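Below is the file coords18.pdb, which contains PDB, C-alpha atoms, pLDDT in the B column.
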```pdb
ATOM      1  CA  MET E   1      57.566 237.236 106.228  1.00 50.00           C
ATOM      2  CA  VAL E   2      61.069 238.152 105.086  1.00 49.00           C
ATOM      3  CA  LEU E   3      62.620 235.146 106.810  1.00 49.00           C
ATOM      4  CA  PRO E   4      60.785 232.425 104.778  1.00 59.00           C
ATOM      5  CA  VAL E   5      61.688 234.172 101.493  1.00 54.00           C
ATOM      6  CA  LEU E   6      65.300 234.452 102.593  1.00 56.00           C
ATOM      7  CA  ASN E   7      65.339 230.777 103.565  1.00 66.00           C
ATOM      8  CA  GLN E   8      64.036 229.783 100.129  1.00 67.00           C
ATOM      9  CA  LYS E   9      66.800 231.780  98.457  1.00 66.00           C
ATOM     10  CA  VAL E  10      69.424 230.241 100.735  1.00 57.00           C
ATOM     11  CA  ILE E  11      68.077 226.739 100.095  1.00 61.00           C
ATOM     12  CA  ARG E  12      68.150 227.297  96.327  1.00 67.00           C
ATOM     13  CA  LEU E  13      71.701 228.607  96.527  1.00 56.00           C
ATOM     14  CA  LEU E  14      72.786 225.626  98.626  1.00 50.00           C
ATOM     15  CA  LEU E  15      71.149 223.162  96.206  1.00 55.00           C
ATOM     16  CA  PHE E  16      72.807 224.837  93.240  1.00 56.00           C
ATOM     17  CA  THR E  17      76.171 224.727  95.022  1.00 57.00           C
ATOM     18  CA  LEU E  18      75.696 221.047  95.891  1.00 49.00           C
ATOM     19  CA  ILE E  19      74.810 220.125  92.291  1.00 58.00           C
ATOM     20  CA  LEU E  20      77.798 222.074  91.001  1.00 50.00           C
ATOM     21  CA  ALA E  21      80.113 220.340  93.494  1.00 51.00           C
ATOM     22  CA  ILE E  22      78.832 216.884  92.484  1.00 58.00           C
ATOM     23  CA  TRP E  23      79.304 217.671  88.787  1.00 56.00           C
ATOM     24  CA  ALA E  24      82.812 219.023  89.386  1.00 55.00           C
ATOM     25  CA  GLY E  25      83.654 215.952  91.446  1.00 54.00           C
ATOM     26  CA  GLN E  26      82.611 213.648  88.603  1.00 49.00           C
ATOM     27  CA  GLU E  27      84.755 215.544  86.140  1.00 51.00           C
ATOM     28  CA  ARG E  28      87.707 215.421  88.538  1.00 49.00           C
ATOM     29  CA  SER E  29      87.243 211.717  89.255  1.00 51.00           C
ATOM     30  CA  ALA E  30      87.285 210.917  85.532  1.00 51.00           C
ATOM     31  CA  ALA E  31      90.588 212.713  85.234  1.00 60.00           C
ATOM     32  CA  GLN E  32      91.882 210.765  88.215  1.00 83.00           C
ATOM     33  CA  CYS E  33      90.545 207.386  87.048  1.00 94.00           C
ATOM     34  CA  GLN E  34      92.325 206.646  83.773  1.00 95.00           C
ATOM     35  CA  ILE E  35      92.844 202.947  83.171  1.00 96.00           C
ATOM     36  CA  PRO E  36      93.636 200.493  80.370  1.00 96.00           C
ATOM     37  CA  ALA E  37      90.787 198.265  79.190  1.00 95.00           C
ATOM     38  CA  ASP E  38      92.200 195.194  80.908  1.00 95.00           C
ATOM     39  CA  SER E  39      91.755 196.858  84.331  1.00 94.00           C
ATOM     40  CA  VAL E  40      88.067 197.790  84.116  1.00 95.00           C
ATOM     41  CA  LEU E  41      86.725 195.008  86.332  1.00 94.00           C
ATOM     42  CA  VAL E  42      88.208 196.595  89.451  1.00 94.00           C
ATOM     43  CA  LYS E  43      86.447 199.888  88.647  1.00 96.00           C
ATOM     44  CA  VAL E  44      82.851 198.710  87.999  1.00 96.00           C
ATOM     45  CA  GLY E  45      80.408 201.372  89.135  1.00 96.00           C
ATOM     46  CA  GLU E  46      82.971 204.171  88.848  1.00 96.00           C
ATOM     47  CA  TYR E  47      83.258 207.012  86.357  1.00 96.00           C
ATOM     48  CA  CYS E  48      86.548 206.458  84.511  1.00 97.00           C
ATOM     49  CA  THR E  49      88.354 207.031  81.257  1.00 97.00           C
ATOM     50  CA  VAL E  50      89.240 203.688  79.705  1.00 97.00           C
ATOM     51  CA  SER E  51      91.805 203.325  76.926  1.00 97.00           C
ATOM     52  CA  GLY E  52      92.145 200.551  74.387  1.00 97.00           C
ATOM     53  CA  LYS E  53      92.073 199.639  70.701  1.00 97.00           C
ATOM     54  CA  VAL E  54      88.772 199.127  68.879  1.00 98.00           C
ATOM     55  CA  VAL E  55      89.428 195.828  67.115  1.00 98.00           C
ATOM     56  CA  SER E  56      85.909 195.226  65.803  1.00 97.00           C
ATOM     57  CA  VAL E  57      82.543 196.960  65.540  1.00 97.00           C
ATOM     58  CA  PHE E  58      79.184 195.214  65.403  1.00 95.00           C
ATOM     59  CA  GLN E  59      75.611 196.502  65.147  1.00 92.00           C
ATOM     60  CA  SER E  60      72.963 194.154  66.469  1.00 90.00           C
ATOM     61  CA  ASN E  61      69.584 193.806  64.788  1.00 89.00           C
ATOM     62  CA  LYS E  62      68.255 191.416  67.436  1.00 85.00           C
ATOM     63  CA  SER E  63      67.144 194.160  69.806  1.00 83.00           C
ATOM     64  CA  ASP E  64      64.749 197.106  69.495  1.00 86.00           C
ATOM     65  CA  THR E  65      67.614 199.406  70.463  1.00 88.00           C
ATOM     66  CA  LYS E  66      69.921 198.076  67.687  1.00 93.00           C
ATOM     67  CA  PRO E  67      73.099 198.844  69.644  1.00 96.00           C
ATOM     68  CA  VAL E  68      76.500 199.366  68.076  1.00 97.00           C
ATOM     69  CA  TYR E  69      79.285 197.604  69.981  1.00 97.00           C
ATOM     70  CA  LEU E  70      82.878 198.785  69.879  1.00 98.00           C
ATOM     71  CA  ASN E  71      84.862 195.721  70.965  1.00 98.00           C
ATOM     72  CA  ILE E  72      88.052 196.711  72.724  1.00 98.00           C
ATOM     73  CA  GLU E  73      91.367 194.774  72.549  1.00 97.00           C
ATOM     74  CA  LYS E  74      89.791 191.499  71.308  1.00 97.00           C
ATOM     75  CA  PRO E  75      86.874 190.802  68.960  1.00 96.00           C
ATOM     76  CA  TYR E  76      83.515 189.526  70.199  1.00 92.00           C
ATOM     77  CA  PRO E  77      82.931 187.220  72.054  1.00 92.00           C
ATOM     78  CA  ASN E  78      86.309 187.611  73.761  1.00 94.00           C
ATOM     79  CA  GLN E  79      86.394 191.399  74.027  1.00 95.00           C
ATOM     80  CA  VAL E  80      88.096 192.752  77.120  1.00 95.00           C
ATOM     81  CA  PHE E  81      85.657 195.659  77.286  1.00 96.00           C
ATOM     82  CA  GLU E  82      82.928 197.105  75.074  1.00 97.00           C
ATOM     83  CA  VAL E  83      81.497 200.495  74.308  1.00 98.00           C
ATOM     84  CA  VAL E  84      77.757 200.473  73.612  1.00 98.00           C
ATOM     85  CA  ILE E  85      76.060 203.097  71.448  1.00 97.00           C
ATOM     86  CA  PHE E  86      72.308 202.658  70.992  1.00 96.00           C
ATOM     87  CA  ALA E  87      70.902 203.247  67.491  1.00 94.00           C
ATOM     88  CA  LYS E  88      68.994 206.353  68.602  1.00 95.00           C
ATOM     89  CA  ASP E  89      72.322 207.902  69.643  1.00 97.00           C
ATOM     90  CA  VAL E  90      74.282 207.054  66.464  1.00 95.00           C
ATOM     91  CA  GLN E  91      72.793 210.199  64.888  1.00 95.00           C
ATOM     92  CA  ASN E  92      74.846 212.250  67.366  1.00 97.00           C
ATOM     93  CA  PHE E  93      78.048 211.103  65.621  1.00 97.00           C
ATOM     94  CA  SER E  94      79.395 212.714  62.427  1.00 97.00           C
ATOM     95  CA  LYS E  95      79.730 209.250  60.802  1.00 96.00           C
ATOM     96  CA  HIS E  96      78.835 205.704  61.767  1.00 96.00           C
ATOM     97  CA  PRO E  97      81.001 204.679  64.752  1.00 97.00           C
ATOM     98  CA  ARG E  98      82.585 201.911  62.621  1.00 97.00           C
ATOM     99  CA  GLU E  99      84.041 204.546  60.283  1.00 97.00           C
ATOM    100  CA  LEU E 100      85.190 206.749  63.143  1.00 97.00           C
ATOM    101  CA  TYR E 101      86.758 204.246  65.527  1.00 98.00           C
ATOM    102  CA  GLU E 102      87.439 200.780  64.069  1.00 97.00           C
ATOM    103  CA  GLY E 103      91.163 199.985  64.205  1.00 97.00           C
ATOM    104  CA  LYS E 104      91.933 203.022  66.348  1.00 97.00           C
ATOM    105  CA  LYS E 105      93.054 203.424  69.925  1.00 97.00           C
ATOM    106  CA  VAL E 106      90.431 205.343  71.909  1.00 98.00           C
ATOM    107  CA  LYS E 107      89.787 206.795  75.343  1.00 97.00           C
ATOM    108  CA  VAL E 108      86.181 206.367  76.512  1.00 98.00           C
ATOM    109  CA  SER E 109      84.749 208.152  79.544  1.00 97.00           C
ATOM    110  CA  GLY E 110      81.704 207.065  81.513  1.00 97.00           C
ATOM    111  CA  VAL E 111      80.421 204.813  84.262  1.00 97.00           C
ATOM    112  CA  ILE E 112      81.753 201.263  83.927  1.00 97.00           C
ATOM    113  CA  GLU E 113      78.875 198.785  84.152  1.00 97.00           C
ATOM    114  CA  LEU E 114      78.546 195.024  83.927  1.00 97.00           C
ATOM    115  CA  TYR E 115      76.050 193.533  81.486  1.00 95.00           C
ATOM    116  CA  ASN E 116      75.951 189.731  81.270  1.00 92.00           C
ATOM    117  CA  ASN E 117      79.215 189.736  83.244  1.00 92.00           C
ATOM    118  CA  ARG E 118      80.942 191.872  80.596  1.00 94.00           C
ATOM    119  CA  PRO E 119      82.299 195.347  81.374  1.00 97.00           C
ATOM    120  CA  GLN E 120      80.940 198.181  79.267  1.00 98.00           C
ATOM    121  CA  ILE E 121      80.364 201.908  79.054  1.00 98.00           C
ATOM    122  CA  ILE E 122      77.209 203.189  77.368  1.00 98.00           C
ATOM    123  CA  VAL E 123      77.924 206.292  75.284  1.00 98.00           C
ATOM    124  CA  LYS E 124      75.264 208.694  74.014  1.00 97.00           C
ATOM    125  CA  ASP E 125      77.500 211.487  72.733  1.00 97.00           C
ATOM    126  CA  PRO E 126      80.792 211.412  70.800  1.00 97.00           C
ATOM    127  CA  LYS E 127      82.377 213.845  73.268  1.00 97.00           C
ATOM    128  CA  TYR E 128      82.908 210.831  75.551  1.00 98.00           C
ATOM    129  CA  ILE E 129      85.039 208.987  72.973  1.00 98.00           C
ATOM    130  CA  GLU E 130      88.406 210.478  72.106  1.00 97.00           C
ATOM    131  CA  ILE E 131      90.771 209.068  69.511  1.00 96.00           C
ATOM    132  CA  ASP E 132      94.096 208.545  71.296  1.00 92.00           C
ATOM    133  CA  SER E 133      96.715 210.444  69.321  1.00 86.00           C
ATOM    134  CA  THR E 134      99.597 208.855  71.259  1.00 79.00           C
ATOM    135  CA  GLU E 135      99.344 205.691  69.146  1.00 59.00           C
TER     136      GLU E 135
END
```
Turn the structure described in the file into structure tokens.
Amino acid sequence: MVLPVLNQKVIRLLLFTLILAIWAGQERSAAQCQIPADSVLVKVGEYCTVSGKVVSVFQSNKSDTKPVYLNIEKPYPNQVFEVVIFAKDVQNFSKHPRELYEGKKVKVSGVIELYNNRPQIIVKDPKYIEIDSTE
């Protein structure tokens, strides 16, 4: 009887350790993967920190999610990269993202995805967008 209980405790400890290692690995990989916006296409699917200037901000009303787009380096439709913040997540920011980031150089962390052949990172929390003070 003691052996099955011990095995459950060991399994729980191993699962916890595995989850912690995966989380730590993601944090480390973000620190290792720091790229300018014009290099994002070679990192699709990876967790990276992308830097670039927010040249325009647009909030769409055509979708139920009413996303806010931070267009990086060039305005829409020629943006090099975009940061997407869905309307439900805008409340997590102290001000509207336009007020916080437009015209500023930022560093955005997250998984780089392609949507309609355009690279983007979806952000739900402002902790993943840092204003770059080196500008």
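The interatomic distance for the pair atom CA of Gln32 of chain E and atom CA of Ser56 of chain E works out to 27.9 Å.
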Please measure the separation of atom CA of Gly103 of chain E and atom CA of Leu70 of chain E, giving the value in Å to one decimal.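 About the pair atom CA of Gly103 of chain E and atom CA of Leu70 of chain E: they are 10.1 Å apart.
Residues with any atom within 8 Å of segment 111-119 of chain E, counting all atoms listed in the file and excluding same-chain neighbours fewer than 4 positions away, are E:Val40, E:Leu41, E:Lys43, E:Val44, E:Gly45, E:Glu46, E:Tyr47, E:Cys48, E:Val80, E:Phe81, E:Glu82.
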Those selected residues, please, written with C-alpha atoms and delivered as a compact mmCIF listing (two decimals), in the frame of the given file.
```txt
# COMPACT_ATOMS: atom_id res chain seq x y z
CA VAL E 40 88.07 197.79 84.12
CA LEU E 41 86.72 195.01 86.33
CA LYS E 43 86.45 199.89 88.65
CA VAL E 44 82.85 198.71 88.00
CA GLY E 45 80.41 201.37 89.14
CA GLU E 46 82.97 204.17 88.85
CA TYR E 47 83.26 207.01 86.36
CA CYS E 48 86.55 206.46 84.51
CA VAL E 80 88.10 192.75 77.12
CA PHE E 81 85.66 195.66 77.29
CA GLU E 82 82.93 197.10 75.07
```
Nearest-residue call for Ser39 of chain E, choices E:Gly52, E:Tyr101, E:Glu130, E:Lys88, using only C-alpha atoms: E:Gly52
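Across the structure, atom CA of Lys53 of chain E and atom CA of Lys127 of chain E are spaced 17.4 Å apart.
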I need every residue sitting at most 12 Å from the point (86.0, 205.8, 61.5) (coordinates as in the file, all atoms listed in the file considered), written as an MDAnalysis selection string. chainID E and resid 54:57 70 93:106 129:131
Using only C-alpha atoms, find the one residue out of E:Cys33, E:Ile122, E:Val42, E:Thr134 that sits nearest to Tyr69 of chain E. E:Ile122
Which one is closest to Lys124 of chain E: E:Glu73, E:Pro67, E:Gln79, E:Lys62? Count all atoms listed in the file.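 Checking each of E:Glu73, E:Pro67, E:Gln79, E:Lys62 against Lys124 of chain E, counting all atoms listed in the file, the winner is E:Pro67.
Taking all atoms listed in the file into account, Thr49 of chain E lies nearest to E:Val108 out of the set E:Val108, E:Ile72, E:Ala37, E:Val84.
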Residue among E:Gln59, E:Pro36, E:Ile85, E:Lys66 lying closest to Val123 of chain E, counting all atoms listed in the file: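 Checking each candidate against Val123 of chain E, we get E:Ile85 as the closest.
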Since the input has fewer atoms than a full residue there, write segment 61-72 of chain E out with N, CA and C atoms, as a PDB file, in the coordinates of the input.
```
ATOM      1  N   ASN E  61      70.953 193.603  65.268  1.00 89.00           N
ATOM      2  CA  ASN E  61      69.584 193.806  64.788  1.00 89.00           C
ATOM      3  C   ASN E  61      68.598 192.977  65.601  1.00 89.00           C
ATOM      4  N   LYS E  62      69.092 192.302  66.637  1.00 85.00           N
ATOM      5  CA  LYS E  62      68.255 191.416  67.436  1.00 85.00           C
ATOM      6  C   LYS E  62      67.476 192.147  68.525  1.00 85.00           C
ATOM      7  N   SER E  63      67.760 193.395  68.734  1.00 83.00           N
ATOM      8  CA  SER E  63      67.144 194.160  69.806  1.00 83.00           C
ATOM      9  C   SER E  63      66.442 195.379  69.218  1.00 83.00           C
ATOM     10  N   ASP E  64      65.434 195.887  69.934  1.00 86.00           N
ATOM     11  CA  ASP E  64      64.749 197.106  69.495  1.00 86.00           C
ATOM     12  C   ASP E  64      65.694 198.305  69.485  1.00 86.00           C
ATOM     13  N   THR E  65      66.691 198.274  70.346  1.00 88.00           N
ATOM     14  CA  THR E  65      67.614 199.406  70.463  1.00 88.00           C
ATOM     15  C   THR E  65      68.748 199.368  69.444  1.00 88.00           C
ATOM     16  N   LYS E  66      68.905 198.248  68.729  1.00 93.00           N
ATOM     17  CA  LYS E  66      69.921 198.076  67.687  1.00 93.00           C
ATOM     18  C   LYS E  66      71.273 198.696  68.075  1.00 93.00           C
ATOM     19  N   PRO E  67      71.847 198.233  69.178  1.00 96.00           N
ATOM     20  CA  PRO E  67      73.099 198.844  69.644  1.00 96.00           C
ATOM     21  C   PRO E  67      74.293 198.560  68.737  1.00 96.00           C
ATOM     22  N   VAL E  68      75.204 199.519  68.725  1.00 97.00           N
ATOM     23  CA  VAL E  68      76.500 199.366  68.076  1.00 97.00           C
ATOM     24  C   VAL E  68      77.492 199.055  69.195  1.00 97.00           C
ATOM     25  N   TYR E  69      78.288 198.013  68.987  1.00 97.00           N
ATOM     26  CA  TYR E  69      79.285 197.604  69.981  1.00 97.00           C
ATOM     27  C   TYR E  69      80.679 197.872  69.433  1.00 97.00           C
ATOM     28  N   LEU E  70      81.469 198.623  70.193  1.00 98.00           N
ATOM     29  CA  LEU E  70      82.878 198.785  69.879  1.00 98.00           C
ATOM     30  C   LEU E  70      83.616 197.800  70.783  1.00 98.00           C
ATOM     31  N   ASN E  71      84.166 196.759  70.197  1.00 98.00           N
ATOM     32  CA  ASN E  71      84.862 195.721  70.965  1.00 98.00           C
ATOM     33  C   ASN E  71      86.323 196.131  71.134  1.00 98.00           C
ATOM     34  N   ILE E  72      86.737 196.187  72.387  1.00 98.00           N
ATOM     35  CA  ILE E  72      88.052 196.711  72.724  1.00 98.00           C
ATOM     36  C   ILE E  72      89.039 195.577  73.008  1.00 98.00           C
TER      37      ILE E  72
END
```
